[in-house]
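Peer 1: Below is the structure I would like to discuss, written out as structure tokens.
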Amino acid sequence: MIPHYPYFGVEWKIIPLPITFPPQHQDRHPGFEYEMVPPPIFDNPAYQGSGKLLHRVAIITGGDSGIGRAVAVAFAKEGADLLLVYLNEEEDARFTREYVEKFGRRVITLPIDLREPQNSREIVETALRHFGKIDVLVNNAAVQYEQPSLFEISNEQLENTFRTNVFSYFYLTREVLPYLASGSSIINTASITAYQGEKTLIDYSASKGAVVTFTRSLSLNLVNKGIRVNAVSPGPVWTPLIPSSFSAERVAHFGLETPMRRAAQPFELAPAYVYLASDDSSYVTGQVIHVNGGAMVES
């Protein structure tokens, strides 16, 4: 039996949060949320939107599942229309689209390979064709591959990690920028590994370090245009990335190393993205919000 930690919402609704997970592994990259046991908790039913993103349009990469799905739900509750970009996880993407549509927002799902620079133009054209504008960009797509040493990281793996986790952020941001007005927001997903490292995720950790520096440098470059650039740095989060990249044994202990002694659920990350996307953070740029269960990091 999986032990649970009770979370009490605004209306004292109890959301059972797993502390540990059954051993499991998916052999496919990226992973699929519908195969995870237990499924990630991507929506907090006690979260009530207040129009913070009303009439805004957001592009979310990796928007089919995991953190991306949770952010899509929270953004929709706050009034945003959405373009959700994903690679090939059709079932997850269909579920997310149907769930978001329940909140009365428009949502488009687009399967596309972000590693190819020309595809970013198609993403922007799709957003403009359906919504007429872009206000928020969430660069969130990522891959990771566990390897015991540097010698096990092939040239192909290294290139794939950086093309997905770093290059795609450059490509899509470059295409979106001409259509962002003052007050727009760019949010990048970093990782605690950028600050603490991870001995079996050397290339992934390095790529997330690049995301942090990209965020800080771009924020300085765009501050005079009124475009804010920030990042969220998660600790361990129960997403498809975990069973698709870690062994079944490691999954069974995932998140227990944090001070809170558990992994986060995706819905616990979403409010940080809402804050950075909305006018609540109008005086915030070049910053990284750490949502990591209490780990102390040097920002």
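Residues in the structure tokens are named by chain (A, B, ... in the order shown) and by number from 1 within that chain; ligands are numbered from 1 in the order shown.
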Which residues are close to range 70-73 of chain A, i.e. within 6 Å by only C-alpha atoms, leaving aside same-chain residues fewer than 2 positions away? Reply as number ranges by chain.
Peer 2: A: 42, 67-68, 75-76, 100, 266-267, 270
Peer 1: Residues within 12 Å of Ala141 in chain A, please, as a VMD selection string. Count only C-alpha atoms; anything in the same chain fewer than 2 positions from it doesn't count.
Peer 2: chain A and resid 30 59 to 69 84 to 87 112 to 115 137 to 139 143 to 144 161 to 169 172 187 to 190 208 211 239 to 241
Peer 1: Produce a file of the selected residues containing C-alpha atoms, as a compact mmCIF listing (two decimals), in the first residue's frame.
Peer 2:
# COMPACT_ATOMS: atom_id res chain seq x y z
CA PRO A 30 9.33 10.66 -23.75
CA ILE A 59 2.34 28.73 -25.73
CA ILE A 60 3.41 25.83 -23.49
CA THR A 61 5.95 23.29 -24.73
CA GLY A 62 5.73 19.85 -23.20
CA GLY A 63 2.14 20.85 -22.58
CA ASP A 64 0.61 17.40 -22.93
CA SER A 65 1.62 16.03 -19.52
CA GLY A 66 3.58 16.54 -16.32
CA ILE A 67 4.32 20.12 -15.32
CA GLY A 68 3.11 21.36 -18.70
CA ARG A 69 -0.33 19.85 -18.19
CA LEU A 84 0.11 23.10 -26.25
CA VAL A 85 3.18 21.75 -28.04
CA TYR A 86 4.30 18.13 -27.65
CA LEU A 87 6.30 15.50 -29.52
CA ILE A 112 6.00 18.83 -33.49
CA ASP A 113 9.71 18.23 -32.99
CA LEU A 114 11.18 21.24 -31.18
CA ARG A 115 14.72 20.12 -31.94
CA LEU A 137 5.79 31.62 -23.69
CA VAL A 138 6.52 28.68 -21.39
CA ASN A 139 9.61 26.75 -22.49
CA VAL A 143 14.51 14.94 -21.79
CA GLN A 144 16.94 13.24 -19.45
CA THR A 161 19.77 16.53 -24.59
CA PHE A 162 20.96 19.99 -25.54
CA ARG A 163 18.87 20.25 -28.70
CA THR A 164 15.76 19.46 -26.66
CA ASN A 165 16.51 21.22 -23.38
CA VAL A 166 18.42 24.29 -24.59
CA PHE A 167 18.38 24.78 -28.35
CA SER A 168 14.58 24.49 -28.53
CA TYR A 169 14.29 27.30 -25.98
CA LEU A 172 11.15 29.13 -30.15
CA ILE A 187 9.07 31.44 -18.43
CA ASN A 188 11.69 28.71 -18.68
CA THR A 189 11.71 25.45 -16.75
CA ALA A 190 15.08 24.93 -15.10
CA LYS A 208 19.56 23.08 -17.09
CA VAL A 211 18.68 27.39 -19.09
CA THR A 239 6.03 13.34 -14.16
CA PRO A 240 6.47 10.96 -17.12
CA LEU A 241 10.13 11.97 -17.28
Peer 1: Go through A:Ala93, A:Leu220, A:Ile242, A:Ala210 one by one, measure the shortest atom-to-atom distance of each to Tyr145 in chain A using only C-alpha atoms, and give the residue with the smallest value.
Peer 2: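 Closest residue, counting only C-alpha atoms: A:Ile242.
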Peer 1: Work out how far CA of Gly31 in chain A is from CA of Glu90 in chain A, in Å to one decimal.
Peer 2: 11.6 Å
Peer 1: Run DSSP on the backbone of this structure and report the residues of range 59-205 of chain A it assigns to strand (DSSP E), as a ChimeraX atom specification.
Peer 2: /A:59-61,81-86,107-111,136-139,185-189
Peer 1: Considering only C-alpha atoms, return as an NGL selection string whatever protein or nucleic-acid residues lie within 9 Å of Pro148 in chain A, sequence-local ones (same chain, fewer than 5 positions apart) excluded.
Peer 2: :A and (153 or 199-201)
Peer 1: The selected residues should be written to file as a JSON list (two decimals), in the first residue's frame (atoms: N, CA and C atoms).
Peer 2:
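Listed below is the output, again-v7.json:
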[["chain", "number", "residue", "atom", "x", "y", "z"],
["A", 153, "ILE", "N", 27.92, 8.59, -21.85],
["A", 153, "ILE", "CA", 27.11, 9.58, -22.55],
["A", 153, "ILE", "C", 27.63, 9.69, -23.99],
["A", 199, "LYS", "N", 24.82, 13.16, -10.10],
["A", 199, "LYS", "CA", 25.95, 12.38, -10.60],
["A", 199, "LYS", "C", 25.61, 11.46, -11.77],
["A", 200, "THR", "N", 24.34, 11.09, -11.92],
["A", 200, "THR", "CA", 23.97, 10.23, -13.05],
["A", 200, "THR", "C", 23.21, 10.98, -14.15],
["A", 201, "LEU", "N", 23.11, 12.30, -14.02],
["A", 201, "LEU", "CA", 22.43, 13.12, -15.02],
["A", 201, "LEU", "C", 23.34, 14.29, -15.41]]
Peer 1: So how far away is CA of Pro117 in chain A from CA of Leu222 in chain A, in Å?
Peer 2: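 For CA of Leu222 in chain A relative to CA of Pro117 in chain A, the distance reads 21.5 Å.
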Peer 1: Show me, as a ChimeraX atom specification, the residues that have an atom within 10 Å of Leu218 in chain A when counting only C-alpha atoms, minus same-chain residues fewer than 2 positions from it.
Peer 2: /A:173,186,213-216,220-223,227-230,285-286
Peer 1: Figure out the distance between CA of Asp43 in chain A and CA of Ser184 in chain A, please, to one decimal in Å.
Peer 2: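 Spanning CA of Ser184 in chain A to CA of Asp43 in chain A is a straight-line distance of 24.9 Å.
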Peer 1: Any chance you could list, as number ranges by chain, the residues in range 149-260 of chain A that come up alpha helix (DSSP H) when DSSP is run on the backbone?
Peer 2: A: 155-162, 168-176, 193-196, 202-222, 241-245, 248-251
Peer 1: From the list A:Ile289, A:Val57, A:Ala252, A:Ala272, which residue is nearest Leu180 in chain A when using only C-alpha atoms?
Peer 2: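 Smallest separation from Leu180 in chain A among the options: A:Val57.
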Peer 1: Mind checking which residues fall within 8 Å of Pro23 in chain A, counting only C-alpha atoms, ignoring those fewer than 3 positions away in the same chain, and posting them as an MDAnalysis selection string?
Peer 2: chainID A and resid 248:252
Peer 1: For the selection you just gave me, I'd like the residues written to a file as a short mmCIF file (atom, residue, chain, number, x, y, z; two decimals), in the first residue's frame, keeping N, CA, C and O atoms.
Peer 2:
data_model
loop_
_atom_site.label_atom_id
_atom_site.label_comp_id
_atom_site.auth_asym_id
_atom_site.auth_seq_id
_atom_site.Cartn_x
_atom_site.Cartn_y
_atom_site.Cartn_z
N ALA A 248 13.34 1.12 -12.26
CA ALA A 248 12.19 0.86 -11.39
C ALA A 248 12.58 1.01 -9.92
O ALA A 248 11.81 1.54 -9.11
N GLU A 249 13.78 0.58 -9.57
CA GLU A 249 14.22 0.68 -8.18
C GLU A 249 14.37 2.13 -7.74
O GLU A 249 13.96 2.50 -6.63
N ARG A 250 14.92 2.97 -8.62
CA ARG A 250 15.08 4.37 -8.25
C ARG A 250 13.74 5.08 -8.16
O ARG A 250 13.55 5.96 -7.31
N VAL A 251 12.82 4.71 -9.01
CA VAL A 251 11.47 5.30 -8.95
C VAL A 251 10.84 5.04 -7.58
O VAL A 251 10.16 5.91 -7.02
N ALA A 252 11.07 3.86 -7.03
CA ALA A 252 10.46 3.50 -5.74
C ALA A 252 10.95 4.39 -4.60
O ALA A 252 10.29 4.47 -3.56
#
Peer 1: Which is closest to Lys133 in chain A among A:Glu78, A:Gly209, A:His55, A:Gln147, if we use only C-alpha atoms?
Peer 2: A:His55
Peer 1: Kindly indicate which residue among A:Gln196, A:Gln48, A:Gln26, A:Ser245 lies nearest to Pro271 in chain A, using only C-alpha atoms for the distances.
Peer 2: A:Gln48
Peer 1: Calculated over only C-alpha atoms, which of the candidates A:Val232, A:Ala142, A:Ile41, A:Leu53 has the smallest distance to Gln287 in chain A?
Peer 2: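 Going through A:Val232, A:Ala142, A:Ile41, A:Leu53 one by one, the smallest distance to Gln287 in chain A is for A:Val232.
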